[in-house]
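> After the structure tokens below, expect a handful of questions from me.
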Amino acid sequence: MANNSKRAPHCLIVDDHPVVRAGVRAVLEQAFNGAEIADAESVEELGEATSSGSPDVVIVDPWRAGVDVGDVVRRLQSELDAPIVVFTSDGGARLLSEALKAGVKGYVRKDSPSEDLIRAIDAARAGEFYVDPGLSSTIVLDEGDRTLSARQREILQMLADGMQTDAVAEKLGLSTETVRTHTKRILAKLEASTRTQAVAIGIRHGLIE
């Protein structure tokens, strides 16, 4: 999946598994023509990997690095001043929340399609963030308490599909007032003024399709 819409990125991969680093490198080389790619086994071994300058984005598995995710992110941000995408086997809501609170720009599971990692990298380079749409638990949007429950994501998806409140209520077996309440909370959590804007935000952040 070639991506020629912008300058090829300078990426840094931090993972203690050589086969993972090789796999991510192959994916990036295919996606970004001319990408400059460096890798390191751990945060403690960044020296040679960053000798050619600070990367545009860092892809890291902080759990494999063996330290707290907040410590990993803060150290990488301090030393490299580059957006960070977490690429890990852990899809738990708690660790996802910790990662986003620490300031990462993306969170992708290792068993997801490679396109998700590329989307996360593109979002990070644009100053936005991307959360793996395959995560089924609560999605944390930012450092605050704004979350969408599974029910709220379900309703947002129905709104995105063009369903009206009455139809959503009937399909879910809820009262129209309950659906309206959910909708109001969705708009508040996404800081959206209209349903259309909420849907757009939901799609952009991978909460719905």
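Identifiers in the structure tokens: chain A, B, ... in order shown; residue index from 1 per chain; ligand index from 1 in order shown.
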Identify all residues of chain A in strand (DSSP E or B) (DSSP on the backbone) and supply them as a PyMOL selection string.
chain A and resi 10-14+36-40+57-60+84-88+106-109+130-131+139-140+147-148
> Looking only at the backbone, which of the residues in stretch 161-204 of chain A does DSSP tag as helix (DSSP H, G or I), as an NGL selection string?
:A and (165-172 or 176-190 or 195-204)
> With distances taken over only C-alpha atoms, which residue among A:Leu172, A:Ile37, A:Ile118, A:Leu156 lies nearest A:Phe87?
A:Ile118
> Might you pull out every residue within 12 Å of A:Ile203, with only C-alpha atoms counted and same-chain residues fewer than 3 positions away left off, and present them as a list of chain:residue names?
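These residues fall inside the cut-off: A:Phe129, A:Tyr130, A:Val131, A:Asp132, A:Pro133, A:Arg153, A:Leu156, A:Gln157, A:Leu159, A:Ala160, A:Asp161, A:Leu190, A:Thr196, A:Gln197, A:Ala198, A:Val199, A:Ala200, A:Gly206, A:Leu207, A:Ile208, A:Glu209.
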> Mind dumping the selected residues with C-alpha atoms as a PDB file, in the first residue's frame?

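And here is the file that came out, part.pdb:
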```
ATOM      1  CA  PHE A 129      -4.073  10.395  17.023  1.00  0.00           C
ATOM      2  CA  TYR A 130      -5.342   6.990  15.980  1.00  0.00           C
ATOM      3  CA  VAL A 131      -6.671   4.148  18.106  1.00  0.00           C
ATOM      4  CA  ASP A 132      -6.905   0.634  16.718  1.00  0.00           C
ATOM      5  CA  PRO A 133     -10.562   0.152  15.674  1.00  0.00           C
ATOM      6  CA  ARG A 153     -20.221   3.461  20.102  1.00  0.00           C
ATOM      7  CA  LEU A 156     -22.848   6.365  17.061  1.00  0.00           C
ATOM      8  CA  GLN A 157     -22.339   3.681  14.401  1.00  0.00           C
ATOM      9  CA  LEU A 159     -26.172   7.334  13.411  1.00  0.00           C
ATOM     10  CA  ALA A 160     -23.303   7.080  10.959  1.00  0.00           C
ATOM     11  CA  ASP A 161     -25.364   4.551   9.001  1.00  0.00           C
ATOM     12  CA  LEU A 190     -16.594  14.144  21.523  1.00  0.00           C
ATOM     13  CA  THR A 196     -22.727  14.864  11.734  1.00  0.00           C
ATOM     14  CA  GLN A 197     -19.693  16.298  13.475  1.00  0.00           C
ATOM     15  CA  ALA A 198     -19.770  13.498  16.079  1.00  0.00           C
ATOM     16  CA  VAL A 199     -19.851  10.886  13.322  1.00  0.00           C
ATOM     17  CA  ALA A 200     -16.915  12.551  11.571  1.00  0.00           C
ATOM     18  CA  GLY A 206     -11.404   4.791  14.499  1.00  0.00           C
ATOM     19  CA  LEU A 207     -14.346   4.450  16.907  1.00  0.00           C
ATOM     20  CA  ILE A 208     -16.733   3.566  14.091  1.00  0.00           C
ATOM     21  CA  GLU A 209     -16.526   2.668  10.426  1.00  0.00           C
TER      22      GLU A 209
END
```
> Just give me the gap between atom CA of A:Leu148 and atom CA of A:Ile84 in Å, one decimal is fine.
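Pair atom CA of A:Leu148 / atom CA of A:Ile84 returns 23.0 Å.
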> Looking at A:Arg195, A:Arg204, A:Arg109, A:Arg185, which one is nearest to A:Thr88, with distances taken over only C-alpha atoms?
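The shortest atom-to-atom distance to A:Thr88 comes from A:Arg109.
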> May I ask which of the residues A:Pro18, A:Gly103, A:Gly127, A:Pro113 is the closest one to A:Glu41, counting only C-alpha atoms?
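Looking only at the distances to A:Glu41, the closest residue turns out to be A:Pro18.
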> Between atom CA of A:Gln152 and atom CA of A:Ile186, what is the distance, to one decimal in Å?
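Between atom CA of A:Gln152 and atom CA of A:Ile186 the gap works out to 6.7 Å.
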> Which distance in Å separates atom CA of A:Asp68 and atom CA of A:Lys101, to one decimal?
12.6 Å
> So which residues touch A:Arg119 within 12 Å, counting only C-alpha atoms, skipping near sequence neighbours fewer than 4 positions away, as a PyMOL selection string?
chain A and resi 1+3+28+31-32+85+105-108+112-115+123-126+128-133+204-206
> Quick one: of A:Trp63, A:Val24, A:Asp16, A:Asp122, who's nearest to A:Glu45, counting only C-alpha atoms?
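Once distances to A:Glu45 are computed over only C-alpha atoms, the minimum belongs to A:Asp16.
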